[in-house]
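Notes for the one structure printed next.
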Amino acid sequence: MLQSLSSYLLDLVFPPRCAGCLRFGHWFCDACAQAVLPAPGRPECLQCGEELPEAVNAGGVPCPACGESWGWVGAAALHEGPMQQAIHAFKYEGRVELAPNLARYLYAVAAETPWTAIFRQFDAMAPVPLHSDRFRERGYNQAELLTRSLASRADKPVLREAILRTEATRSQVGLTRAERADNVSGKFRADSQTVSGLALLLVDDVLTTGATMRECAAVLRSQGAAAVFGLALARPTMGP
Ligand SMILES: [Zn+2]
Ligand SMILES: [Zn+2]
């Protein structure tokens with residue numbers, strides 16, 4: 001009662017406004033939600049970047065290209081149009097109320113092969129971490145809010161500190177593939193007592209070259225994680 005009264009009052013002061021088209025009435029309106037395009041392609045091998053072949057249903061299956069079996073990474077939607085607008089608002093304009101709307105797209109991939117097998121297999125989820133300085137500046141980690149919204153739908157635990165960022169990295173925007181890998185190298189730490197033996201799903205907002213996911217996955221693996229999968233909300237049509 002109190003909660004619905006306070007959300008009613010909040011709506012009067014800050015009426016819901018669509019993050020995609022800026023029309024009032026919804027946080028993310030139906031027209032914008034329907035304009036979101038699924039990310040093309042299949043999950044890629046975290047080791048060699050090769051796309052998972054159609055016939056293979058992931059999860060413990062070695063990559064046919066490189067033979068590694070420790071993980072796959074993919075995205076739910078294309079980083080374009082209303083999705084791009086919404087992510088920008090969510091990440092840079094404090095629009096944290098968008099988290100459940102956006103996490104819907106993450107959960108939707110669980111119904112698709114090979115993600116169905118991956119969702120069956122992982123033990124816990126972890127957000128790609130922000131450095132503590134950046135967390136203080138922004139007040140939240142957008143990847144963590146997505147992870148928590150997804151967790152409540154997927155009914156899986158969240159290990160908030162499975163992996164930590166030990167050094168602030170400069171923004172990956174505008175960097176080449178090699179610069180991105182270099183920029184994140186050696187900037188993460190994981191605790192083997194927390195992650196050993198677990199299959200983990202790492203969650204992030206945007207996947208570009210996959211450098212951050214790959215670095216996090218490598219650190220988690222070095223501390224004994226059994227497998228690491230990566231799922232991002234959106235990715236651009238083409239990496240740099
Ligand atoms: Zn809209
Ligand atoms: Zn591979």
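Lettering and numbering for the structure tokens are positional, with chains as A, B, ... in the shown order, residues counted from 1 in each chain, and ligands counted from 1 in the shown order.
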Throw together the list of residues within 7 Å of ligand 1, counting only C-alpha atoms and all ligand atoms, and drop it here as a list in words.
Cys18, Ala19, Gly20, Cys21, Leu22, Arg23, Phe28, Cys29, Asp30, Ala31 and Cys32 of chain A
Hey, which bits of chain A sit within 7 Å of ligand 2, and for each residue what's the closest pair of atoms and how far apart in Å (one decimal), counting only C-alpha atoms and all ligand atoms, rows by chain and increasing number, as a tab-separated table?
residue	atom	partner	partner_atom_place_in_ligand_line	distance
A:Cys45	CA	ligand 2	1 (Zn)	4.6
A:Leu46	CA	ligand 2	1 (Zn)	6.6
A:Gln47	CA	ligand 2	1 (Zn)	5.0
A:Cys48	CA	ligand 2	1 (Zn)	4.1
A:Gly49	CA	ligand 2	1 (Zn)	6.0
A:Glu50	CA	ligand 2	1 (Zn)	5.5
A:Cys63	CA	ligand 2	1 (Zn)	4.6
A:Pro64	CA	ligand 2	1 (Zn)	6.6
A:Ala65	CA	ligand 2	1 (Zn)	4.9
A:Cys66	CA	ligand 2	1 (Zn)	4.0
A:Gly67	CA	ligand 2	1 (Zn)	6.1
A:Glu68	CA	ligand 2	1 (Zn)	5.7
With C-alpha atoms kept, could you save the residues just selected as a PDB file, in the first residue's frame?
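Output contents, as saved in again.pdb:
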ATOM      1  CA  CYS A  45      34.346 -19.523 -28.425  1.00  0.00           C
ATOM      2  CA  LEU A  46      36.014 -17.487 -25.659  1.00  0.00           C
ATOM      3  CA  GLN A  47      39.345 -18.975 -26.606  1.00  0.00           C
ATOM      4  CA  CYS A  48      39.509 -18.525 -30.393  1.00  0.00           C
ATOM      5  CA  GLY A  49      36.459 -16.426 -31.303  1.00  0.00           C
ATOM      6  CA  GLU A  50      35.080 -19.023 -33.698  1.00  0.00           C
ATOM      7  CA  CYS A  63      35.181 -25.946 -29.582  1.00  0.00           C
ATOM      8  CA  PRO A  64      35.484 -27.683 -32.959  1.00  0.00           C
ATOM      9  CA  ALA A  65      37.980 -25.026 -34.066  1.00  0.00           C
ATOM     10  CA  CYS A  66      40.456 -24.919 -31.157  1.00  0.00           C
ATOM     11  CA  GLY A  67      39.504 -27.844 -28.924  1.00  0.00           C
ATOM     12  CA  GLU A  68      38.991 -25.710 -25.795  1.00  0.00           C
TER      13      GLU A  68
END
With range 223-239 of chain A as the partner and 7 Å as the cut-off, tabulate the residues of range 23-113 of chain A that qualify, each row holding the nearest pair of atoms and their distance in Å to one decimal, using only C-alpha atoms, sorted by chain and rising number, as a Markdown table.
| residue | atom | partner | partner_atom | distance |
| --- | --- | --- | --- | --- |
| A:Ala39 | CA | A:Arg235 | CA | 6.9 |
| A:Trp70 | CA | A:Ala227 | CA | 4.7 |
| A:Gly71 | CA | A:Phe229 | CA | 4.9 |
| A:Trp72 | CA | A:Phe229 | CA | 5.0 |
| A:Val73 | CA | A:Gly230 | CA | 4.3 |
| A:Gly74 | CA | A:Leu231 | CA | 5.2 |
| A:Ala75 | CA | A:Ala232 | CA | 4.5 |
| A:Ala76 | CA | A:Leu233 | CA | 5.1 |
| A:Ala77 | CA | A:Ala234 | CA | 4.5 |
| A:Leu78 | CA | A:Ala234 | CA | 5.1 |
| A:His79 | CA | A:Pro236 | CA | 4.8 |
| A:Tyr105 | CA | A:Leu233 | CA | 6.9 |
| A:Leu106 | CA | A:Leu233 | CA | 6.0 |
Using only C-alpha atoms, pick whichever of A:Lys91, A:Lys156, A:Arg136, A:Arg104 has the shortest atom-to-atom distance to Ala199 in chain A.
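For Ala199 in chain A, the nearest of the given residues is A:Lys156.
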Which residues in range 27-170 of chain A does DSSP call strand (DSSP E or B)? List them as a count of residues only.
19
Between CA of Tyr107 in chain A and CA of Arg177 in chain A, distance in Å (one decimal)
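Separation between CA of Tyr107 in chain A and CA of Arg177 in chain A: 28.4 Å.
From CA of Glu97 in chain A back to CA of Met213 in chain A, the distance works out to 25.0 Å.
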